[in-house]
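Below: the structure, in structure tokens.
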Amino acid sequence: MSTTVPSSGLAAPATADRVGAPDAHEAVVDGPDAVAAAPVRTASWGADPYANALRTGRGPLFLRRSDGWLLPLDVERWCSEAGSADLSALHRCEGPVLDIGCGPGRLVAELASLGHRALGIDVSEAAVARTRGLGGAALLRSVFDPLPGEGRWGTLLLLDGNIGIGGDPAALLDRAADLLGADGLLIAETAPVDVDERVRVRLDDGRDGADGSTAPASASSCDAEPFPWARIGTPALLRHARAGGWRTAGQWGAEGRTFVSLRRPVRERSTRTSSQSAESANSAPVINSQLPK
């Protein structure tokens with residue numbers, strides 16, 4: 001899963017000798033150091049409970065609201081191989097794929113095995129490391145940072161609750177439209193209930209000492225900063241999508257999970273987006289085979 005808001009203090013992109021769409025052979029570095037120049041941040045998803053869960057491959061891990069309500073996070077599923085519900089989404093992907101909030105990388109790895117050029121982004125160093133350990137390409141980035149290939153991705157993935165990033169689905173949909181190419185596809189996983197809520201949450205491992213019993217919060221969880229998050233079901237997402245000019249491409253369910261696919265709205269890109277796309281051509285190095293062409 002990815003971060004919620006763009007971080008301040010980002011590393012400035014290198015000065016461009018030329019502007020325009022990223023070229024697969026410009027400013028790229030192959031190999032394990034390919035993400036070394038990514039922006040350095042302190043983000044909620046980099047907090048110890050999340051990093052520890054990804055390293056061990058198991059929970060418990062929750063999002064905790066200020067009123068104590070807990071949303072369980074399915075760490076074991078994230079850290080396993082892609083399942084049939086995942087495949088129901090991945091088989092709909094078109095062209096190069098950007099997995100937003102890639103987590104431990106099961107989707108990026110599966111996409112590569114299916115023959116897609118795929119790139120994951122996440123603000124957790126542990127998530128990026130695990131994705132790369134599976135042989136996938138990943139960058140230490142927020143979706144709100146400058147990204148390679150802006151305006152040319154064929155498919156964006158917002159699975160595993162990542163439609164909640166930033167606590168503002170409408171703003172996230174706007175950002176997704178900036179990243180996609182013409183008629184590009186967004187595949188989002190929605191909450192399996194009809195809900196549309198904005199909350200502030202903390203990551204919480206739910207442990208109270210070595211016995212693993214549930215408690216108000218562990219010490220590491222108390223240190224984690226609260227961040228905005230959203231829970232949104234299919235009806236609410238479709239309302240936001242229609243308001244933003246998105247076209248519904250499909251709706252389906254699998255193994256108790258619910259999904260929506262949307263076509264990018266037809267509209268002019270903003271001046272900010274054009275400038276940001278030019279910057280992204282010279283931002284942190286990426287694996288050249290993963291840039292959309």
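Lettering and numbering for the structure tokens are positional, with chains as A, B, ... in the shown order, residues counted from 1 in each chain, and ligands counted from 1 in the shown order.
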For region 149-163 of chain A, work out the shell of residues within 6 Å, counting only C-alpha atoms and skipping chain neighbours fewer than 3 positions away, then give it as a list in words.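 With the cut-off at 6 Å, the set is Pro22, Cys93, Glu94, Gly95, Pro96, Val97, Leu98, Asp99, Ile100, Asp178, Leu179, Leu180, Gly181, Gly184, Leu185, Leu186, Ile187, Ala188, Glu189, Ser277 and Pro292 of chain A.
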Between CA of Phe62 (chain A) and CA of Ile165 (chain A), measure the distance and give it in Å to one decimal. 15.3 Å
What is the CA of Leu203 (chain A)-CA of Leu63 (chain A) distance in Å, reported with one decimal? 4.9 Å
Of the listed residues A:Leu70, A:Arg55, A:Val260, A:Ser88, that which approaches Thr131 (chain A) most closely, counting only C-alpha atoms: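 Looking at the shortest contact to Thr131 (chain A), the residue is A:Arg55.
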Give the strand (DSSP E) residues of region 19-194 of chain A, as DSSP finds them on the backbone, and put them as a PyMOL selection string. chain A and resi 62-65+70-72+97-100+118-122+138-140+153-158+180-190
Near-region 104-114 of chain A list (9 Å; only C-alpha atoms; drop same-chain fewer than 6 positions) as an mmCIF file with N, CA and C atoms, in the first residue's frame:
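The resulting file, selection_8.cif, is reproduced below:
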data_model
loop_
_atom_site.group_PDB
_atom_site.id
_atom_site.type_symbol
_atom_site.label_atom_id
_atom_site.label_comp_id
_atom_site.auth_asym_id
_atom_site.auth_seq_id
_atom_site.Cartn_x
_atom_site.Cartn_y
_atom_site.Cartn_z
ATOM 1 N N MET A 1 0.837 -1.184 0.000
ATOM 2 C CA MET A 1 0.000 0.000 0.000
ATOM 3 C C MET A 1 0.872 1.234 0.000
ATOM 4 N N LEU A 54 5.632 -6.650 6.639
ATOM 5 C CA LEU A 54 6.081 -7.068 5.307
ATOM 6 C C LEU A 54 7.327 -7.939 5.392
ATOM 7 N N ARG A 55 8.196 -7.654 6.312
ATOM 8 C CA ARG A 55 9.417 -8.469 6.436
ATOM 9 C C ARG A 55 9.103 -9.885 6.903
ATOM 10 N N GLY A 57 5.995 -11.260 6.645
ATOM 11 C CA GLY A 57 4.971 -11.827 5.790
ATOM 12 C C GLY A 57 3.674 -12.154 6.502
ATOM 13 N N TRP A 78 -1.327 -10.294 0.954
ATOM 14 C CA TRP A 78 -0.443 -9.404 0.209
ATOM 15 C C TRP A 78 0.914 -10.055 -0.040
ATOM 16 N N CYS A 79 1.377 -10.828 0.932
ATOM 17 C CA CYS A 79 2.726 -11.409 0.843
ATOM 18 C C CYS A 79 2.743 -12.793 0.191
ATOM 19 N N SER A 80 1.608 -13.272 -0.255
ATOM 20 C CA SER A 80 1.568 -14.553 -0.955
ATOM 21 C C SER A 80 1.554 -14.307 -2.458
ATOM 22 N N GLU A 81 1.404 -15.364 -3.232
ATOM 23 C CA GLU A 81 1.300 -15.212 -4.676
ATOM 24 C C GLU A 81 -0.073 -14.664 -5.048
ATOM 25 N N ALA A 82 -0.165 -14.094 -6.221
ATOM 26 C CA ALA A 82 -1.443 -13.562 -6.694
ATOM 27 C C ALA A 82 -2.485 -14.682 -6.745
ATOM 28 N N ASP A 86 -7.124 -11.636 -7.634
ATOM 29 C CA ASP A 86 -6.123 -10.758 -8.239
ATOM 30 C C ASP A 86 -6.070 -10.954 -9.752
ATOM 31 N N LEU A 87 -6.057 -12.211 -10.165
ATOM 32 C CA LEU A 87 -5.951 -12.509 -11.595
ATOM 33 C C LEU A 87 -7.159 -12.003 -12.372
ATOM 34 N N LEU A 90 -5.936 -8.593 -13.048
ATOM 35 C CA LEU A 90 -4.713 -8.502 -13.856
ATOM 36 C C LEU A 90 -4.957 -8.919 -15.300
ATOM 37 N N HIS A 91 -5.849 -9.861 -15.533
ATOM 38 C CA HIS A 91 -6.139 -10.292 -16.908
ATOM 39 C C HIS A 91 -6.872 -9.217 -17.712
ATOM 40 N N CYS A 93 -5.779 -6.034 -17.592
ATOM 41 C CA CYS A 93 -4.805 -4.964 -17.804
ATOM 42 C C CYS A 93 -4.446 -4.825 -19.275
ATOM 43 N N VAL A 97 1.741 -1.227 -17.108
ATOM 44 C CA VAL A 97 0.913 -1.142 -15.909
ATOM 45 C C VAL A 97 1.693 -0.482 -14.770
ATOM 46 N N LEU A 98 1.039 0.470 -14.106
ATOM 47 C CA LEU A 98 1.581 1.102 -12.904
ATOM 48 C C LEU A 98 0.743 0.634 -11.721
ATOM 49 N N GLY A 120 5.931 -0.904 -9.940
ATOM 50 C CA GLY A 120 5.243 -0.628 -8.696
ATOM 51 C C GLY A 120 5.809 0.614 -8.042
ATOM 52 N N ALA A 126 10.518 -1.115 2.885
ATOM 53 C CA ALA A 126 10.366 -2.566 2.998
ATOM 54 C C ALA A 126 9.556 -3.122 1.834
ATOM 55 N N ALA A 127 8.516 -2.402 1.413
ATOM 56 C CA ALA A 127 7.694 -2.861 0.289
ATOM 57 C C ALA A 127 8.485 -2.855 -1.003
ATOM 58 N N VAL A 128 9.216 -1.775 -1.246
ATOM 59 C CA VAL A 128 10.021 -1.684 -2.467
ATOM 60 C C VAL A 128 11.074 -2.788 -2.487
ATOM 61 N N ALA A 129 11.720 -3.013 -1.349
ATOM 62 C CA ALA A 129 12.757 -4.051 -1.283
ATOM 63 C C ALA A 129 12.164 -5.432 -1.554
ATOM 64 N N ARG A 130 11.002 -5.700 -1.002
ATOM 65 C CA ARG A 130 10.405 -7.024 -1.206
ATOM 66 C C ARG A 130 9.949 -7.205 -2.649
ATOM 67 N N THR A 131 9.403 -6.143 -3.248
ATOM 68 C CA THR A 131 9.002 -6.217 -4.653
ATOM 69 C C THR A 131 10.201 -6.510 -5.539
ATOM 70 N N ARG A 132 11.292 -5.799 -5.292
ATOM 71 C CA ARG A 132 12.498 -6.018 -6.090
ATOM 72 C C ARG A 132 13.085 -7.406 -5.841
ATOM 73 N N GLY A 133 12.919 -7.910 -4.605
ATOM 74 C CA GLY A 133 13.391 -9.254 -4.307
ATOM 75 C C GLY A 133 12.651 -10.325 -5.086
ATOM 76 N N LEU A 134 11.394 -10.015 -5.495
ATOM 77 C CA LEU A 134 10.625 -10.938 -6.327
ATOM 78 C C LEU A 134 10.964 -10.796 -7.810
ATOM 79 N N GLY A 135 11.868 -9.878 -8.115
ATOM 80 C CA GLY A 135 12.233 -9.659 -9.508
ATOM 81 C C GLY A 135 11.423 -8.576 -10.186
ATOM 82 N N GLY A 136 10.569 -7.886 -9.432
ATOM 83 C CA GLY A 136 9.763 -6.813 -10.006
ATOM 84 C C GLY A 136 10.487 -5.481 -9.960
ATOM 85 N N ALA A 137 9.995 -4.528 -10.717
ATOM 86 C CA ALA A 137 10.538 -3.172 -10.718
ATOM 87 C C ALA A 137 9.693 -2.310 -9.794
ATOM 88 N N ALA A 138 10.339 -1.519 -8.948
ATOM 89 C CA ALA A 138 9.600 -0.683 -8.005
ATOM 90 C C ALA A 138 10.400 0.564 -7.682
#
Near Ala236 (chain A), within 8 Å and counting only C-alpha atoms, which residues show up once chain neighbours fewer than 4 positions away are dropped, as a VMD selection string? chain A and resid 194 to 196 232 240
Store the residues of this selection in a file with all heavy atoms, as a PDB file, in the first residue's frame.
ATOM      1  N   ASP A 194     -21.507  -0.733   0.912  1.00  0.00           N
ATOM      2  CA  ASP A 194     -21.796   0.600   0.388  1.00  0.00           C
ATOM      3  C   ASP A 194     -21.394   1.639   1.424  1.00  0.00           C
ATOM      4  O   ASP A 194     -22.149   1.953   2.348  1.00  0.00           O
ATOM      5  CB  ASP A 194     -23.281   0.719   0.038  1.00  0.00           C
ATOM      6  CG  ASP A 194     -23.597   2.020  -0.683  1.00  0.00           C
ATOM      7  OD1 ASP A 194     -22.655   2.788  -0.960  1.00  0.00           O
ATOM      8  OD2 ASP A 194     -24.786   2.265  -0.964  1.00  0.00           O
ATOM      9  N   VAL A 195     -20.178   2.159   1.289  1.00  0.00           N
ATOM     10  CA  VAL A 195     -19.636   3.098   2.257  1.00  0.00           C
ATOM     11  C   VAL A 195     -18.898   4.193   1.508  1.00  0.00           C
ATOM     12  O   VAL A 195     -18.365   3.968   0.418  1.00  0.00           O
ATOM     13  CB  VAL A 195     -18.690   2.366   3.247  1.00  0.00           C
ATOM     14  CG1 VAL A 195     -17.498   1.757   2.515  1.00  0.00           C
ATOM     15  CG2 VAL A 195     -18.208   3.286   4.354  1.00  0.00           C
ATOM     16  N   ASP A 196     -18.879   5.382   2.080  1.00  0.00           N
ATOM     17  CA  ASP A 196     -18.113   6.505   1.520  1.00  0.00           C
ATOM     18  C   ASP A 196     -17.703   7.381   2.685  1.00  0.00           C
ATOM     19  O   ASP A 196     -18.414   8.302   3.083  1.00  0.00           O
ATOM     20  CB  ASP A 196     -18.975   7.288   0.517  1.00  0.00           C
ATOM     21  CG  ASP A 196     -18.167   8.345  -0.244  1.00  0.00           C
ATOM     22  OD1 ASP A 196     -16.942   8.421  -0.032  1.00  0.00           O
ATOM     23  OD2 ASP A 196     -18.767   9.093  -1.028  1.00  0.00           O
ATOM     24  N   ILE A 232     -14.360   3.341   0.463  1.00  0.00           N
ATOM     25  CA  ILE A 232     -15.355   3.679  -0.544  1.00  0.00           C
ATOM     26  C   ILE A 232     -15.831   2.411  -1.241  1.00  0.00           C
ATOM     27  O   ILE A 232     -15.023   1.587  -1.688  1.00  0.00           O
ATOM     28  CB  ILE A 232     -14.773   4.704  -1.546  1.00  0.00           C
ATOM     29  CG1 ILE A 232     -15.832   5.155  -2.548  1.00  0.00           C
ATOM     30  CG2 ILE A 232     -13.529   4.185  -2.240  1.00  0.00           C
ATOM     31  CD1 ILE A 232     -15.421   6.382  -3.325  1.00  0.00           C
ATOM     32  N   HIS A 240     -18.283   9.332  -7.830  1.00  0.00           N
ATOM     33  CA  HIS A 240     -17.106  10.191  -7.980  1.00  0.00           C
ATOM     34  C   HIS A 240     -16.565  10.117  -9.408  1.00  0.00           C
ATOM     35  O   HIS A 240     -16.142  11.130  -9.977  1.00  0.00           O
ATOM     36  CB  HIS A 240     -16.015   9.768  -6.996  1.00  0.00           C
ATOM     37  CG  HIS A 240     -16.315  10.109  -5.572  1.00  0.00           C
ATOM     38  ND1 HIS A 240     -16.358  11.401  -5.106  1.00  0.00           N
ATOM     39  CD2 HIS A 240     -16.585   9.313  -4.504  1.00  0.00           C
ATOM     40  CE1 HIS A 240     -16.633  11.394  -3.811  1.00  0.00           C
ATOM     41  NE2 HIS A 240     -16.771  10.133  -3.422  1.00  0.00           N
TER      42      HIS A 240
END
Do you have the CA of Asp183 (chain A)-CA of Gly245 (chain A) distance handy?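 Value for the CA of Asp183 (chain A)-CA of Gly245 (chain A) distance: 11.9 Å.
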Write out as a ChimeraX atom specification all residues of region 76-198 of chain A that DSSP puts in helix (DSSP H, G or I) for this structure's backbone. /A:76-78,84-90,106-113,125-133,162-167,169-179
